[in-house]
>>> print(open('run_22.cif').read())   # mmCIF, C-alpha atoms
data_run
loop_
_atom_site.label_atom_id
_atom_site.label_comp_id
_atom_site.auth_asym_id
_atom_site.auth_seq_id
_atom_site.Cartn_x
_atom_site.Cartn_y
_atom_site.Cartn_z
CA MET G 88 -14.90 9.82 -8.70
CA CYS G 89 -11.84 9.96 -6.48
CA ALA G 90 -10.10 12.84 -4.78
CA VAL G 91 -6.39 12.85 -4.07
CA PRO G 92 -5.80 14.27 -0.59
CA ALA G 93 -4.35 17.76 -0.80
CA ARG G 94 -0.95 18.20 0.85
CA GLY G 95 0.52 21.56 1.69
CA GLN G 96 -2.47 23.34 0.13
CA VAL G 97 -2.82 27.06 0.82
CA ALA G 98 -5.73 27.66 3.19
CA SER G 99 -7.38 30.16 0.81
CA ASN G 100 -7.63 27.60 -1.99
CA LYS G 101 -11.17 26.28 -1.97
CA LEU G 102 -11.71 22.65 -2.92
CA PRO G 103 -14.45 21.67 -5.36
CA ALA G 104 -17.65 20.76 -3.52
CA ALA G 105 -17.26 17.07 -4.45
CA GLU G 106 -13.84 17.00 -2.75
CA GLU G 107 -14.71 18.84 0.46
CA GLY G 108 -14.29 16.54 3.44
CA ILE G 109 -12.52 13.92 1.32
CA GLY G 110 -9.03 12.72 2.22
CA VAL G 111 -6.91 10.61 4.51
CA ASP G 112 -6.02 11.16 8.15
CA PRO G 113 -3.22 8.61 8.65
CA GLN G 114 -3.82 6.31 11.60
CA LEU G 115 -0.41 4.66 11.79
CA GLY G 116 -0.30 2.06 14.52
CA ALA G 117 -4.08 1.67 14.73
CA ILE G 118 -5.40 -1.90 14.90
CA LEU G 119 -8.21 -2.94 12.57
CA ASP G 120 -11.40 -4.10 14.28
CA GLY G 121 -11.60 -7.82 13.51
CA ARG G 122 -15.25 -7.94 14.61
CA LEU G 123 -16.42 -5.99 11.54
CA GLU G 124 -18.53 -8.15 9.21
CA PHE G 125 -18.54 -8.33 5.42
CA ASP G 126 -19.51 -10.61 2.54
CA ASP G 127 -16.90 -11.88 0.11
CA ALA G 128 -17.37 -12.14 -3.65
CA ASP G 129 -18.67 -15.70 -3.27
CA ASN G 130 -21.36 -14.43 -0.87
CA HIS G 131 -19.76 -15.94 2.22
CA HIS G 132 -20.35 -13.93 5.37
CA LEU G 133 -17.19 -13.38 7.39
CA GLN G 134 -15.55 -11.32 10.08
CA LEU G 135 -12.50 -9.28 9.21
CA ALA G 136 -10.56 -11.23 11.84
CA SER G 137 -10.72 -14.31 9.61
CA LEU G 138 -8.44 -12.53 7.11
CA LEU G 139 -5.89 -11.52 9.74
CA ASP G 140 -3.95 -14.76 9.89
CA GLY G 141 -0.87 -13.47 11.72
CA ARG G 142 1.31 -14.64 8.83
CA ARG G 143 0.67 -12.53 5.75
CA PRO G 144 0.54 -8.72 5.52
CA LEU G 145 -2.39 -7.02 3.79
CA ILE G 146 -2.85 -4.40 1.10
CA LEU G 147 -6.18 -2.70 1.79
CA SER G 148 -8.06 -0.39 -0.60
CA PHE G 149 -11.50 1.21 -0.71
CA ASN G 150 -13.18 1.08 -4.13
CA TYR G 151 -16.50 0.18 -5.71
CA SER G 152 -17.38 -1.68 -8.89
CA ALA G 153 -19.72 0.96 -10.38
CA CYS G 154 -17.06 3.68 -10.17
CA PRO G 155 -17.08 5.42 -13.58
CA LYS G 156 -13.31 5.38 -14.09
CA ILE G 157 -10.87 6.19 -11.28
CA CYS G 158 -11.31 2.99 -9.27
CA SER G 159 -10.48 0.96 -12.36
CA VAL G 160 -7.40 3.09 -12.94
CA GLN G 161 -6.27 2.51 -9.35
CA LEU G 162 -6.88 -1.24 -9.50
CA ASP G 163 -5.22 -1.47 -12.93
CA SER G 164 -2.16 0.26 -11.47
CA LEU G 165 -2.20 -2.00 -8.42
CA THR G 166 -2.49 -5.10 -10.59
CA ALA G 167 0.43 -3.99 -12.76
CA ALA G 168 2.53 -3.34 -9.64
CA LEU G 169 1.63 -6.76 -8.23
CA ARG G 170 2.76 -8.40 -11.47
CA GLU G 171 6.14 -6.68 -11.24
CA MET G 172 6.93 -8.33 -7.91
CA ASP G 173 8.24 -11.80 -7.18
CA PHE G 174 6.02 -11.91 -4.06
CA GLU G 175 2.70 -13.59 -4.85
CA VAL G 176 -0.87 -12.80 -3.82
CA GLY G 177 -2.17 -15.47 -1.48
CA LYS G 178 1.23 -17.00 -0.84
CA ASP G 179 3.17 -14.03 0.55
CA PHE G 180 0.48 -11.43 1.22
CA GLN G 181 -3.21 -10.68 0.82
CA VAL G 182 -5.13 -7.93 -0.94
CA ILE G 183 -8.49 -6.71 0.36
CA SER G 184 -10.63 -4.37 -1.74
CA VAL G 185 -13.64 -3.11 0.20
CA SER G 186 -16.60 -1.64 -1.67
CA ILE G 187 -17.75 1.72 -0.30
CA ASP G 188 -21.08 1.27 -2.10
CA PRO G 189 -23.49 -0.35 0.41
CA ASN G 190 -25.75 -1.41 -2.48
CA GLU G 191 -23.07 -3.43 -4.27
CA GLN G 192 -23.95 -7.11 -4.44
CA ALA G 193 -21.62 -10.08 -4.20
CA ALA G 194 -22.26 -11.01 -7.84
CA ARG G 195 -21.00 -7.59 -9.00
CA ALA G 196 -17.99 -7.80 -6.70
CA ARG G 197 -17.27 -11.26 -8.13
CA GLN G 198 -17.16 -9.85 -11.66
CA THR G 199 -14.67 -7.21 -10.54
CA ARG G 200 -12.58 -9.77 -8.69
CA ASP G 201 -12.47 -12.13 -11.66
CA LYS G 202 -11.47 -9.28 -13.98
CA PHE G 203 -8.46 -8.20 -11.95
CA LEU G 204 -7.42 -11.70 -10.94
CA SER G 205 -7.39 -12.60 -14.63
CA GLN G 206 -5.15 -9.60 -15.35
CA TYR G 207 -2.87 -10.51 -12.45
CA ASN G 208 -2.62 -14.19 -13.41
CA MET G 209 -1.70 -13.65 -17.03
CA ILE G 210 2.00 -13.02 -17.66
CA GLY G 211 2.67 -12.94 -21.37
CA THR G 212 1.13 -16.12 -22.78
CA TYR G 213 1.32 -18.24 -19.63
CA LYS G 214 -0.53 -18.23 -16.34
CA ARG G 215 0.97 -17.48 -12.94
CA SER G 216 1.25 -20.65 -10.91
CA GLY G 217 0.83 -19.15 -7.43
CA GLU G 218 -2.29 -18.96 -5.29
CA THR G 219 -4.82 -16.23 -6.00
CA GLU G 220 -7.27 -16.88 -3.19
CA GLY G 221 -5.66 -14.04 -1.27
CA TRP G 222 -7.38 -11.21 -3.17
CA ASN G 223 -10.75 -10.58 -1.54
CA PHE G 224 -13.37 -8.17 -2.85
CA LEU G 225 -15.68 -7.44 0.08
CA THR G 226 -19.10 -5.82 0.34
CA GLY G 227 -20.96 -4.88 3.49
CA ASP G 228 -23.51 -2.75 5.27
CA GLU G 229 -22.74 0.95 5.33
CA ASP G 230 -22.07 1.04 9.08
CA GLN G 231 -19.48 -1.74 8.80
CA VAL G 232 -17.70 -0.16 5.82
CA ARG G 233 -17.78 3.26 7.49
CA ALA G 234 -16.36 1.82 10.70
CA LEU G 235 -13.42 0.29 8.80
CA ALA G 236 -12.82 3.47 6.80
CA ASP G 237 -12.92 5.56 9.98
CA ARG G 238 -10.40 3.27 11.66
CA CYS G 239 -8.13 3.75 8.64
CA GLY G 240 -8.71 7.52 8.54
CA VAL G 241 -10.24 7.40 5.06
CA ARG G 242 -12.90 10.05 4.43
CA TYR G 243 -15.33 9.59 1.52
CA LYS G 244 -18.88 10.65 0.66
CA TYR G 245 -21.72 10.03 -1.75
CA ILE G 246 -22.57 12.78 -4.28
CA PRO G 247 -26.35 12.39 -4.85
CA HIS G 248 -26.74 14.55 -7.95
CA GLN G 249 -23.88 12.69 -9.66
CA LYS G 250 -24.84 9.30 -8.22
CA LEU G 251 -21.25 8.43 -7.37
CA PHE G 252 -18.82 8.33 -4.47
CA SER G 253 -15.95 10.73 -4.00
CA HIS G 254 -12.99 9.15 -2.19
CA PRO G 255 -9.19 9.30 -2.06
CA PRO G 256 -7.09 6.74 -3.99
CA VAL G 257 -4.90 5.19 -1.31
CA LEU G 258 -3.41 1.81 -0.50
CA ILE G 259 -3.11 0.92 3.18
CA LEU G 260 -0.43 -1.55 4.26
CA VAL G 261 -1.43 -3.65 7.25
CA SER G 262 0.63 -6.06 9.33
CA PRO G 263 -0.41 -9.74 9.63
CA GLU G 264 -1.90 -8.92 13.03
CA GLY G 265 -3.96 -6.01 11.70
CA LYS G 266 -1.80 -2.97 12.54
CA ILE G 267 -1.73 -0.10 10.02
CA VAL G 268 1.90 0.56 9.10
CA ARG G 269 1.96 2.50 5.83
CA TYR G 270 -0.11 4.55 3.36
CA LEU G 271 0.66 4.79 -0.37
CA TYR G 272 -1.20 7.61 -2.13
CA GLY G 273 -2.23 8.20 -5.72
CA LEU G 274 -2.93 6.23 -8.87
CA ASP G 275 0.60 5.37 -9.95
CA VAL G 276 2.01 2.81 -7.54
CA LYS G 277 5.19 1.00 -8.60
CA GLY G 278 6.11 -2.59 -7.89
CA VAL G 279 9.39 -1.65 -6.23
CA GLU G 280 7.78 0.70 -3.71
CA LEU G 281 4.91 -1.70 -3.05
CA LYS G 282 7.40 -4.48 -2.37
CA LYS G 283 9.27 -2.32 0.12
CA ALA G 284 6.02 -1.40 1.84
CA LEU G 285 5.08 -5.08 2.07
CA VAL G 286 8.42 -5.93 3.65
CA GLU G 287 7.80 -3.18 6.17
CA ALA G 288 4.25 -4.38 6.80
CA ALA G 289 5.41 -7.94 7.31
CA GLU G 290 8.18 -6.77 9.67
CA GLY G 291 10.72 -8.77 7.70
CA LYS G 292 8.70 -12.00 7.53
CA ILE G 293 8.72 -12.10 3.73
CA GLY G 294 11.57 -11.46 1.30
CA SER G 295 15.11 -12.80 1.37
CA PRO G 296 17.43 -11.78 4.25
CA ILE G 297 19.71 -10.03 1.75
CA TYR G 298 16.84 -8.00 0.35
CA PHE G 299 15.63 -7.05 3.84
CA LEU G 300 19.16 -6.06 4.86
CA THR G 301 19.38 -3.82 1.81
CA TYR G 302 16.04 -2.27 2.78
CA LEU G 303 17.14 -1.67 6.38
CA THR G 304 20.47 -0.12 5.47
CA GLY G 305 18.67 2.86 4.02
CA CYS G 306 18.83 2.50 0.25
CA TYR G 307 15.29 3.89 0.27
CA VAL G 308 13.44 6.17 2.64
CA PHE G 309 9.70 6.73 2.91
CA ASP G 310 8.65 10.33 2.27
CA GLU G 311 5.53 11.03 4.36
CA SER G 312 4.76 14.15 2.30
CA THR G 313 4.40 12.21 -0.95
CA GLY G 314 3.50 8.71 0.24
CA LYS G 315 6.39 7.33 -1.84
CA TYR G 316 9.68 5.57 -1.28
CA THR G 317 12.59 7.58 -2.62
CA SER G 318 16.19 6.63 -3.25
CA MET G 319 18.83 7.74 -0.78
CA SER G 320 21.63 7.26 -3.30
CA MET G 321 22.97 10.80 -2.85
CA GLY G 322 23.07 10.41 0.89
CA ILE G 323 24.81 7.05 0.54
CA MET G 324 27.37 8.60 -1.84
CA ARG G 325 28.07 11.33 0.68
CA LEU G 326 28.54 8.78 3.44
CA ALA G 327 30.87 6.78 1.20
CA GLY G 328 32.89 9.93 0.49
CA ILE G 329 33.22 10.67 4.21
CA ALA G 330 34.24 7.07 4.88
CA THR G 331 36.89 7.31 2.14
CA MET G 332 38.31 10.49 3.65
CA ILE G 333 38.43 8.90 7.10
CA GLY G 334 40.16 5.86 5.64
CA LEU G 335 42.78 7.98 3.87
CA ALA G 336 43.41 10.01 6.98
CA ALA G 337 43.81 6.86 9.06
CA GLY G 338 46.23 5.42 6.50
CA LEU G 339 48.35 8.57 6.25
CA ALA G 340 48.49 9.31 9.96
CA PRO G 341 51.33 6.85 10.80
CA TYR G 342 53.37 8.09 7.83
CA LEU G 343 52.97 11.73 8.85
CA TRP G 344 53.73 10.92 12.46
CA PHE G 345 57.00 9.16 11.78
CA ARG G 346 58.03 11.77 9.22
CA ARG G 347 57.68 14.58 11.76
CA ARG G 348 59.65 12.76 14.47
CA PRO G 349 63.26 14.04 14.82
CA ALA G 350 65.95 11.67 13.50
#
>>> encode(input="run_22.cif", output="structure tokens")
Amino acid sequence: MCAVPARGQVASNKLPAAEEGIGVDPQLGAILDGRLEFDDADNHHLQLASLLDGRRPLILSFNYSACPKICSVQLDSLTAALREMDFEVGKDFQVISVSIDPNEQAARARQTRDKFLSQYNMIGTYKRSGETEGWNFLTGDEDQVRALADRCGVRYKYIPHQKLFSHPPVLILVSPEGKIVRYLYGLDVKGVELKKALVEAAEGKIGSPIYFLTYLTGCYVFDESTGKYTSMSMGIMRLAGIATMIGLAAGLAPYLWFRRRPA
């Protein structure tokens, strides 16, 4: 079960009990604690610092394999968005999915990893040629997972009578050095917005110079209220209109000046 963080909700509206205390408190600029310890899907024990290589940005999510539905929906959406991009997992960036279930074993995480890597790799009838070692499904002790979630501002809880976890669906974009730079909320992430977020997370270290220039010139702006990138086409059209008017005025000024001068 997942809860989307409420935004702009009227104070009198009471959340369902399963969603109380669930949400995201953005921690932009916070640095992930590289000393936190986890196990990867191949049962290798590691510190988070080993995945912060200073070269590739990260997409971080909190899920768990036994989730009845929503986690699969989120990971399906993420996988589809990843397939839309020309950036490649492992080569240009990494993905880290951390299980919030402290009882999840590496073997179960491996099944989940293999499922989504298979979906990501298959494009039509042929297989993607890039690396796929960059998508890590991690498990860990509850204190380690909680410490990472707290650093990211992600609030979740276990619902005993339903035997499931309630948590917000969110993707966290992290710089190669471990700094949190962006949050993308919800279950419907698009490749174009994920690509822009990755460029931002990498601080321009991936993507062509032309693409990054287009990004910087303001074709899209990030809306903090929705967690989405939105087009600034109307603003750009207005600016173009103003520029046209200034150009016309500058061109007509000499003509008007000389016309008004006495013969």
>>> resolve_selection(input="run_22.cif", expression="the PyMOL selection byres ((chain G and resi 128-131) around 10)", output="PyMOL selection string")
chain G and resi 125-127+132-133+192-201+223-226
>>> closest_residue(input="run_22.cif", among="G:Pro247, G:Gly227, G:Gly141, G:Gly273", to="Ile259 in chain G", atoms="all atoms listed in the file")
G:Gly273
>>> axis_aligned_box(input="run_22.cif", around="range 107-112 of chain G", padding_each_side="5 Å", output="lines of an AutoDock Vina configuration file")
center_x = -10.4
center_y = 14.7
center_z = 4.3
size_x = 18.7
size_y = 18.2
size_z = 17.7
>>> residues_around(input="run_22.cif", residues="Tyr207 in chain G", least_positions_apart="4", cutoff="8 Å", atoms="only C-alpha atoms", output="PyMOL selection string")
chain G and resi 166-167+169-170+203+215
>>> atom_distance(input="run_22.cif", atom1="CA of Leu204 in chain G", atom2="CA of Ser186 in chain G")
16.5 Å
>>> atom_distance(input="run_22.cif", atom1="CA of His254 in chain G", atom2="CA of Tyr151 in chain G")
10.3 Å
>>> residues_around(input="run_22.cif", residues="Asp173 in chain G", least_positions_apart="4", cutoff="10 Å", atoms="only C-alpha atoms", output="list in words")
Leu169, Asp179, Gly278, Lys282 and Gly294 of chain G
>>> residues_around(input="run_22.cif", residues="Pro189 in chain G", least_positions_apart="2", cutoff="6 Å", atoms="all atoms listed in the file", output="VMD selection string")
chain G and resid 191 228 to 229
>>> write_last_selection(input="run_22.cif", atoms="C-alpha atoms", output="compact mmCIF listing (two decimals), in the frame of the given file")
# COMPACT_ATOMS: atom_id res chain seq x y z
CA GLU G 191 -23.07 -3.43 -4.27
CA ASP G 228 -23.51 -2.75 5.27
CA GLU G 229 -22.74 0.95 5.33
>>> resolve_selection(input="run_22.cif", expression="the PyMOL selection byres ((chain G and resi 121) around 7)", output="list in words")
Leu119, Asp120, Arg122, Leu123, Gln134, Leu135 and Ala136 of chain G
>>> closest_residue(input="run_22.cif", among="G:Arg269, G:Lys277, G:Arg143, G:Lys283", to="Gly116 in chain G", atoms="all atoms listed in the file")
G:Arg269
>>> residues_near_point(input="run_22.cif", point="(-6.7, 14.0, 7.7)", cutoff="9 Å", atoms="all atoms listed in the file", output="PyMOL selection string")
chain G and resi 92+109-113+240-242
>>> atom_distance(input="run_22.cif", atom1="CA of Ile246 in chain G", atom2="CA of Ile183 in chain G")
24.5 Å
>>> closest_residue(input="run_22.cif", among="G:Leu145, G:Leu115, G:Ile157, G:Ala234", to="Glu175 in chain G", atoms="all atoms listed in the file")
G:Leu145
>>> closest_residue(input="run_22.cif", among="G:Val232, G:Val257, G:Ile118, G:Leu251", to="Ser148 in chain G", atoms="all atoms listed in the file")
G:Val257
>>> resolve_selection(input="run_22.cif", expression="the PyMOL selection byres ((chain G and resi 222) around 7)", output="MDAnalysis selection string")
chainID G and resid 176:177 181:183 219:221 223:224
>>> write_last_selection(input="run_22.cif", atoms="C-alpha atoms", output="JSON list (two decimals), keeping the file's coordinate frame")
[["chain", "number", "residue", "atom", "x", "y", "z"],
["G", 176, "VAL", "CA", -0.87, -12.80, -3.82],
["G", 177, "GLY", "CA", -2.17, -15.47, -1.48],
["G", 181, "GLN", "CA", -3.21, -10.68, 0.82],
["G", 182, "VAL", "CA", -5.13, -7.93, -0.94],
["G", 183, "ILE", "CA", -8.49, -6.71, 0.36],
["G", 219, "THR", "CA", -4.82, -16.23, -6.00],
["G", 220, "GLU", "CA", -7.27, -16.88, -3.19],
["G", 221, "GLY", "CA", -5.66, -14.04, -1.27],
["G", 223, "ASN", "CA", -10.75, -10.58, -1.54],
["G", 224, "PHE", "CA", -13.37, -8.17, -2.85]]
